[in-house]
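What follows is a set of notes on a single structure, which appears directly below.
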Amino acid sequence: MGGGGEVSNGINGEKWTVKIPQIKFTKLFINGQFQDSVSGKTFETIDPRTEEVIASVAEGDKEDVDLAVKAARHAFDHGPWPRSPGTERRRIMLKFADLIDEHLEELATLDAIDAANLYSLGKGLYIHNAAELIRYYAGAADKIHGETLKLSREMQGYTLAEPIGVVGHIVPWNFPTQMFVMKVGPALAAGCTMVLKPAEQTPLSALYYAHLAKLAGVPDGVINVVTGYGPTVGAAISSHMDIDMVSFTGSTETGHRIMQAAATSNLKPVSLELGGKSPFIVFDDADVDKVAPLALVACFYNQGQICVAGTRTFVQEGIYDKFVARLLEEVKTWVVGDPLDPNVNQGPQVDKKQYEKVLSWIDRGKKDGATLVVGGKAYDRKGYYIEPTIFTNVTDEMSIANQEIFGPVMSIMKFKTVEEVIERANKTKYGLAAGIMTNDLNIANTVSRSLKAGTIWINCYFGFDNDFPVGGYKMSGFGKDMGMDALNKYLQIKSIATPIYNSPWL
Ligand code: NAD
């Protein structure tokens with residue numbers, strides 16, 4: 001397989017070496033084995049830093065999904081995983097988490113070269129946090145129970161919380177590690193078996209995680225990974241008659257297709273974590289020196305490729321000039337470059353398609369009459385690098401203000417009153433997240449309760465936590481990831497009643 005090599009760099013000349021691993025896993029993972037696709041076809045995964053091929057990966061199709069579902073179905077209907085005591089699932093999941101920690105550097109590097117996630121954050125944060133999320137759900141595996149019901153007749157009733165069955169997970173490319181553990185962790189704890197399709201742009205770490213899960217003792221057939229494209233593998237999963245539920249993260253457009261496929265096949269429930277156009281609202285009393293750098297991170301983090309990015313920056317008129325001036329100072333310190341370099345804040349966009357899409361949105365903003373104050377073009381170098389871009393004088397009607405760009409593009413908008421900003425912030429089809437920057441408790445309470453968004457951060461942004469459910473309102477979808485809400489979506493409730501005195505039914 002391809003890969004291998006070293007990259008050196010460092011902060012203030014300090015030595016920092018990243019070893020690029022040999023790519024070990026490139027085949028479909030079905031029933032505990034790495035195998036070629038039925039067709040024998042492969043596709044290339046590209047390094048967005050260099051535009052070069054990292055590896056050729058097996059290209060799955062409907063036949064491969066059928067094999068993976070068969071394995072998952074057998075593991076669910078006859079295998080030990082759904083039947084094992086929660087303590088046994090916990091034990092294996094804790095081992096899986098330890099293995100993730102043990103392979104931290106390799107996993108961080110895979111996501112850096114495949115998805116352009118910053119290696120410094122992968123090594124310092126993401127991979128360990130992924131292990132912690134598996135531990136969080138491991139801790140829940142032996143605490144799944146139903147309720148005792150107080151019925152109105154002489155009957156006893158109770159509910160059982162049972163695993164929902166074979167789950168299809170379909171995920172995007174922006175955070176391959178987080179997507180894998182967010183979907184697989186709670187489904188494993190619930191006792192489900194599954195088929196996961198990573199995004200075609202970033203298939204590598206999912207295959208590695210599947211391998212680690214097997215090493216930890218997750219039985220064959222419980223986790224299957226089918227790499228390939230959306231219209232083939234993704235569509236086969238969402239329309240499969242033997243998949244009991246689909247948990248999807250991706251665009252709203254694909255969300256529509258998944259729901260249609262579920263509706264016209266076996267009426268499987270779906271959970272949809274979709275796009276967003278989140279407001280980051282700065283009130284007059286905010287501390288500009290703290291909030292301007294936060295606004296920058298809220299918008300440009302991960303190259304702007306995060307569903308909850310705060311891309312509509314609403315600034316109250318009393319603080320507007322000061323805030324914009326401070327933001328323009330701050331953006332000068334924002335470093336764009338190789339995601340393996342620890343000095344870098346922003347790497348390349350994930351692929352050529354996204355790169356071109358973001359550049360066309362920037363052109364659209366210029367044509368629509370917004371004022372470009374920073375950035376606005378690609379870097380003249382290899383790789384899909386785009387300048388952090390800031391527009392002012394953006395109106396709510398402009399497409400850069402109401403369409404999800406999924407790139408490093410900020411739209412700054414001025415507002416006068418609390419009522420006005422609530423109305424404008426809600427004026428979008430999306431409802432994923434919002435940030436509220438104020439020290440006024442009345443404003444914070446009023447605005448947080450009035451915004452139609454699933455996640456609100458007050459005086460912080462990206463305040464994610466294992467125990468913090470995230471998910472959308474409106475066309476940002478429904479169903480939560482993270483927290484106990486995510487576990488619950490992989491469970492179904494069975495209600496059982498029996499007469500107390502064993503008397504015949506009246
Ligand atoms: P996408 O919808 O194009 O792809 C997501 C996944 O769906 C990929 O694995 C893709 O192969 C698959 N897919 C594509 N067509 C399909 C089809 N017809 N049937 C089944 N599966 C299909 O999205 P993307 O471009 O990969 O990711 C970016 C989008 O994801 C953005 O809109 C972003 O906001 C959203 N996202 C949302 C969240 C969240 O938690 N709400 C998190 C991350 C990303």
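Naming scheme: A, B, ... for chains in displayed order of the structure tokens; residues 1 onward per chain; ligands 1 onward as shown.
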
Q) Can you tell me which residues sit at most 8 Å away from ligand 1, counting only C-alpha atoms and all ligand atoms, written as a VMD selection string? A) chain A and resid 170 to 175 179 197 to 200 228 to 238 248 to 255 257 to 258 272 to 276 305 to 308 354 404 406 432 470 to 472 476 to 477 481

Q.
Env of Ala189 in chain A: 12 Å cut, atoms = only C-alpha atoms, seq-sep filter 5 positions within chain, self excluded. Answer as a ChimeraX atom specification.
A. /A:81-94,133-144,162-164,181-184,218,222,484,486-491

Residues from last step as file, C-alpha atoms, as a tab-separated table (two decimals), in the first residue's frame:
```
chain	number	residue	atom	x	y	z
A	81	TRP	CA	-23.55	-9.10	20.90
A	82	PRO	CA	-27.24	-8.18	21.41
A	83	ARG	CA	-27.67	-11.04	23.89
A	84	SER	CA	-24.57	-10.42	25.96
A	85	PRO	CA	-24.86	-8.78	29.37
A	86	GLY	CA	-24.19	-5.05	29.24
A	87	THR	CA	-21.11	-5.63	31.39
A	88	GLU	CA	-19.57	-7.74	28.61
A	89	ARG	CA	-20.24	-5.09	25.96
A	90	ARG	CA	-18.77	-2.53	28.36
A	91	ARG	CA	-15.61	-4.62	28.84
A	92	ILE	CA	-15.02	-4.94	25.10
A	93	MET	CA	-15.80	-1.29	24.42
A	94	LEU	CA	-13.33	-0.18	27.10
A	133	LEU	CA	-16.71	8.90	23.85
A	134	ILE	CA	-16.46	5.12	23.47
A	135	ARG	CA	-15.80	4.94	27.24
A	136	TYR	CA	-18.84	7.13	27.89
A	137	TYR	CA	-21.09	4.72	25.99
A	138	ALA	CA	-19.29	1.68	27.47
A	139	GLY	CA	-20.40	3.02	30.85
A	140	ALA	CA	-23.98	3.12	29.62
A	141	ALA	CA	-24.02	-0.41	28.18
A	142	ASP	CA	-24.96	-2.04	31.50
A	143	LYS	CA	-27.47	0.64	32.51
A	144	ILE	CA	-30.05	0.19	29.79
A	162	GLU	CA	-34.27	-3.39	23.19
A	163	PRO	CA	-31.62	-2.77	20.54
A	164	ILE	CA	-33.28	-1.53	17.37
A	181	VAL	CA	-17.34	7.03	17.20
A	182	MET	CA	-20.46	9.22	17.42
A	183	LYS	CA	-22.40	6.68	15.37
A	184	VAL	CA	-20.79	3.39	16.36
A	218	VAL	CA	-16.18	-6.97	19.02
A	222	VAL	CA	-21.23	-6.49	14.46
A	484	MET	CA	-27.89	9.62	26.21
A	486	ALA	CA	-28.05	9.20	20.95
A	487	LEU	CA	-28.15	5.91	22.83
A	488	ASN	CA	-31.95	6.07	22.95
A	489	LYS	CA	-32.27	6.32	19.20
A	490	TYR	CA	-30.65	2.89	18.85
A	491	LEU	CA	-33.17	1.38	21.27
```

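Every residue of range 363-465 of chain A found in strand (DSSP E) when DSSP is run on the backbone appears here: Thr371, Leu372, Val373, Val374, Thr389, Ile390, Phe391, Thr392, Val409, Met410, Ser411, Ile412, Met413, Lys414, Phe415, Tyr430, Gly431, Ala433, Ala434, Gly435, Ile436, Met437, Thr455, Ile456, Trp457 and Ile458 of chain A.
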
**Q.** Selection: 12 Å around Thr446 in chain A, only C-alpha atoms, excl. self and same-chain fewer than 4 positions, as a list of chain:residue names
**A.**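 Surrounding residues, per the criterion: A:Val418, A:Glu419, A:Val421, A:Ile422, A:Ile436, A:Thr438, A:Asp440, A:Leu441, A:Asn442, A:Ser450, A:Leu451, A:Ile458.
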
Q: Name the residues in contact with Asn266 in chain A at a cut-off of 12 Å, using only C-alpha atoms, excluding same-chain residues fewer than 2 positions from it; report them as a ChimeraX atom specification.
A: /A:237-246,259-264,268-270

Give me a file of those residues, with C-alpha atoms, as a short mmCIF file (atom, residue, chain, number, x, y, z; two decimals), in the first residue's frame.
```cif
data_model
loop_
_atom_site.label_atom_id
_atom_site.label_comp_id
_atom_site.auth_asym_id
_atom_site.auth_seq_id
_atom_site.Cartn_x
_atom_site.Cartn_y
_atom_site.Cartn_z
CA ILE A 237 -28.09 1.10 2.70
CA SER A 238 -30.97 3.57 2.94
CA SER A 239 -33.30 1.44 0.81
CA HIS A 240 -32.27 -1.95 2.23
CA MET A 241 -35.19 -4.08 3.43
CA ASP A 242 -33.08 -5.74 6.10
CA ILE A 243 -31.66 -2.61 7.72
CA ASP A 244 -33.82 -1.56 10.66
CA MET A 245 -32.71 2.06 11.06
CA VAL A 246 -30.50 4.61 9.30
CA MET A 259 -35.86 9.71 4.02
CA GLN A 260 -37.51 8.96 0.68
CA ALA A 261 -35.60 5.68 0.39
CA ALA A 262 -36.63 4.70 3.91
CA ALA A 263 -40.25 5.61 3.19
CA THR A 264 -40.44 3.59 0.00
CA LYS A 268 -37.23 2.22 8.71
CA PRO A 269 -36.80 5.10 11.14
CA VAL A 270 -34.10 7.59 10.21
#
```

Q | Picked from range 90-174 of chain A by DSSP as alpha helix (DSSP H), as a VMD selection string | A | chain A and resid 90 to 102 104 to 115 119 to 121 127 to 140

So which residues touch range 112-121 of chain A within 8 Å, counting only C-alpha atoms, skipping near sequence neighbours fewer than 4 positions away, as a PDB file with N, CA and C atoms, in the first residue's frame?
```
ATOM      1  N   THR A  45      -8.330   7.626  -2.988  1.00  0.00           N
ATOM      2  CA  THR A  45      -8.542   8.693  -2.014  1.00  0.00           C
ATOM      3  C   THR A  45      -7.346   9.641  -2.111  1.00  0.00           C
ATOM      4  N   ILE A  46      -7.668  10.938  -2.142  1.00  0.00           N
ATOM      5  CA  ILE A  46      -6.684  11.959  -2.500  1.00  0.00           C
ATOM      6  C   ILE A  46      -6.274  12.762  -1.270  1.00  0.00           C
ATOM      7  N   ASP A  47      -4.999  13.120  -1.206  1.00  0.00           N
ATOM      8  CA  ASP A  47      -4.484  13.980  -0.142  1.00  0.00           C
ATOM      9  C   ASP A  47      -4.741  15.440  -0.542  1.00  0.00           C
ATOM     10  N   PRO A  48      -5.620  16.150   0.190  1.00  0.00           N
ATOM     11  CA  PRO A  48      -5.962  17.515  -0.237  1.00  0.00           C
ATOM     12  C   PRO A  48      -4.802  18.507  -0.089  1.00  0.00           C
ATOM     13  N   ARG A  49      -3.738  18.100   0.605  1.00  0.00           N
ATOM     14  CA  ARG A  49      -2.569  18.986   0.748  1.00  0.00           C
ATOM     15  C   ARG A  49      -1.756  18.998  -0.531  1.00  0.00           C
ATOM     16  N   ILE A  54      -3.446   9.015  -2.120  1.00  0.00           N
ATOM     17  CA  ILE A  54      -2.895   8.379  -0.916  1.00  0.00           C
ATOM     18  C   ILE A  54      -2.965   6.865  -1.087  1.00  0.00           C
ATOM     19  N   ALA A 108      -4.433  10.058  14.087  1.00  0.00           N
ATOM     20  CA  ALA A 108      -4.419  11.514  13.859  1.00  0.00           C
ATOM     21  C   ALA A 108      -3.788  11.822  12.504  1.00  0.00           C
ATOM     22  N   LEU A 125      -6.173  16.177  20.940  1.00  0.00           N
ATOM     23  CA  LEU A 125      -7.569  16.276  21.363  1.00  0.00           C
ATOM     24  C   LEU A 125      -8.474  15.201  20.750  1.00  0.00           C
ATOM     25  N   TYR A 126      -8.556  15.220  19.421  1.00  0.00           N
ATOM     26  CA  TYR A 126      -9.637  14.476  18.771  1.00  0.00           C
ATOM     27  C   TYR A 126      -9.600  12.968  19.057  1.00  0.00           C
ATOM     28  N   TRP A 173     -17.430  13.644   5.404  1.00  0.00           N
ATOM     29  CA  TRP A 173     -15.961  13.595   5.402  1.00  0.00           C
ATOM     30  C   TRP A 173     -15.302  14.585   6.356  1.00  0.00           C
ATOM     31  N   ASN A 174     -16.063  15.472   6.968  1.00  0.00           N
ATOM     32  CA  ASN A 174     -15.383  16.592   7.641  1.00  0.00           C
ATOM     33  C   ASN A 174     -14.620  16.188   8.904  1.00  0.00           C
ATOM     34  N   PHE A 175     -15.146  15.220   9.666  1.00  0.00           N
ATOM     35  CA  PHE A 175     -14.439  14.735  10.855  1.00  0.00           C
ATOM     36  C   PHE A 175     -14.580  13.208  10.898  1.00  0.00           C
ATOM     37  N   PRO A 176     -13.762  12.489  10.142  1.00  0.00           N
ATOM     38  CA  PRO A 176     -13.969  11.033  10.019  1.00  0.00           C
ATOM     39  C   PRO A 176     -13.944  10.307  11.358  1.00  0.00           C
ATOM     40  N   GLN A 201     -14.561  10.566   0.229  1.00  0.00           N
ATOM     41  CA  GLN A 201     -13.342  11.398   0.298  1.00  0.00           C
ATOM     42  C   GLN A 201     -12.401  10.938   1.409  1.00  0.00           C
ATOM     43  N   THR A 202     -12.957  10.288   2.454  1.00  0.00           N
ATOM     44  CA  THR A 202     -12.161  10.010   3.660  1.00  0.00           C
ATOM     45  C   THR A 202     -12.441   8.612   4.222  1.00  0.00           C
ATOM     46  N   PRO A 203     -12.066   7.580   3.479  1.00  0.00           N
ATOM     47  CA  PRO A 203     -12.430   6.228   3.948  1.00  0.00           C
ATOM     48  C   PRO A 203     -11.444   5.599   4.934  1.00  0.00           C
ATOM     49  N   LEU A 204     -10.258   6.196   5.113  1.00  0.00           N
ATOM     50  CA  LEU A 204      -9.160   5.439   5.731  1.00  0.00           C
ATOM     51  C   LEU A 204      -9.322   5.153   7.220  1.00  0.00           C
ATOM     52  N   ASN A 302     -11.585  24.146  11.125  1.00  0.00           N
ATOM     53  CA  ASN A 302     -11.656  23.020  10.178  1.00  0.00           C
ATOM     54  C   ASN A 302     -11.988  23.501   8.757  1.00  0.00           C
ATOM     55  N   PRO A 339      -1.819  20.890   7.251  1.00  0.00           N
ATOM     56  CA  PRO A 339      -2.424  20.492   8.535  1.00  0.00           C
ATOM     57  C   PRO A 339      -1.494  19.660   9.428  1.00  0.00           C
ATOM     58  N   LEU A 340      -0.362  19.201   8.881  1.00  0.00           N
ATOM     59  CA  LEU A 340       0.598  18.494   9.740  1.00  0.00           C
ATOM     60  C   LEU A 340       1.480  19.476  10.512  1.00  0.00           C
ATOM     61  N   ASP A 341       1.471  20.747  10.122  1.00  0.00           N
ATOM     62  CA  ASP A 341       2.325  21.763  10.743  1.00  0.00           C
ATOM     63  C   ASP A 341       1.621  22.327  11.989  1.00  0.00           C
ATOM     64  N   PRO A 342       2.268  22.294  13.155  1.00  0.00           N
ATOM     65  CA  PRO A 342       1.596  22.738  14.379  1.00  0.00           C
ATOM     66  C   PRO A 342       1.329  24.243  14.444  1.00  0.00           C
ATOM     67  N   VAL A 344      -0.153  25.851  12.118  1.00  0.00           N
ATOM     68  CA  VAL A 344      -1.242  26.150  11.180  1.00  0.00           C
ATOM     69  C   VAL A 344      -2.611  26.128  11.859  1.00  0.00           C
ATOM     70  N   ASN A 345      -3.469  27.100  11.467  1.00  0.00           N
ATOM     71  CA  ASN A 345      -4.856  27.127  11.951  1.00  0.00           C
ATOM     72  C   ASN A 345      -5.830  26.537  10.939  1.00  0.00           C
ATOM     73  N   GLN A 346      -5.479  26.625   9.679  1.00  0.00           N
ATOM     74  CA  GLN A 346      -6.423  26.214   8.634  1.00  0.00           C
ATOM     75  C   GLN A 346      -5.699  25.468   7.523  1.00  0.00           C
ATOM     76  N   GLY A 347      -6.199  24.290   7.186  1.00  0.00           N
ATOM     77  CA  GLY A 347      -5.612  23.507   6.097  1.00  0.00           C
ATOM     78  C   GLY A 347      -6.403  23.683   4.810  1.00  0.00           C
ATOM     79  N   PRO A 348      -6.232  22.762   3.876  1.00  0.00           N
ATOM     80  CA  PRO A 348      -6.967  22.845   2.607  1.00  0.00           C
ATOM     81  C   PRO A 348      -8.395  22.332   2.723  1.00  0.00           C
ATOM     82  N   GLN A 349      -9.241  22.704   1.772  1.00  0.00           N
ATOM     83  CA  GLN A 349     -10.596  22.120   1.686  1.00  0.00           C
ATOM     84  C   GLN A 349     -10.428  20.650   1.321  1.00  0.00           C
ATOM     85  N   VAL A 350     -11.468  19.854   1.540  1.00  0.00           N
ATOM     86  CA  VAL A 350     -11.273  18.405   1.479  1.00  0.00           C
ATOM     87  C   VAL A 350     -10.976  17.870   0.079  1.00  0.00           C
TER      88      VAL A 350
END
```
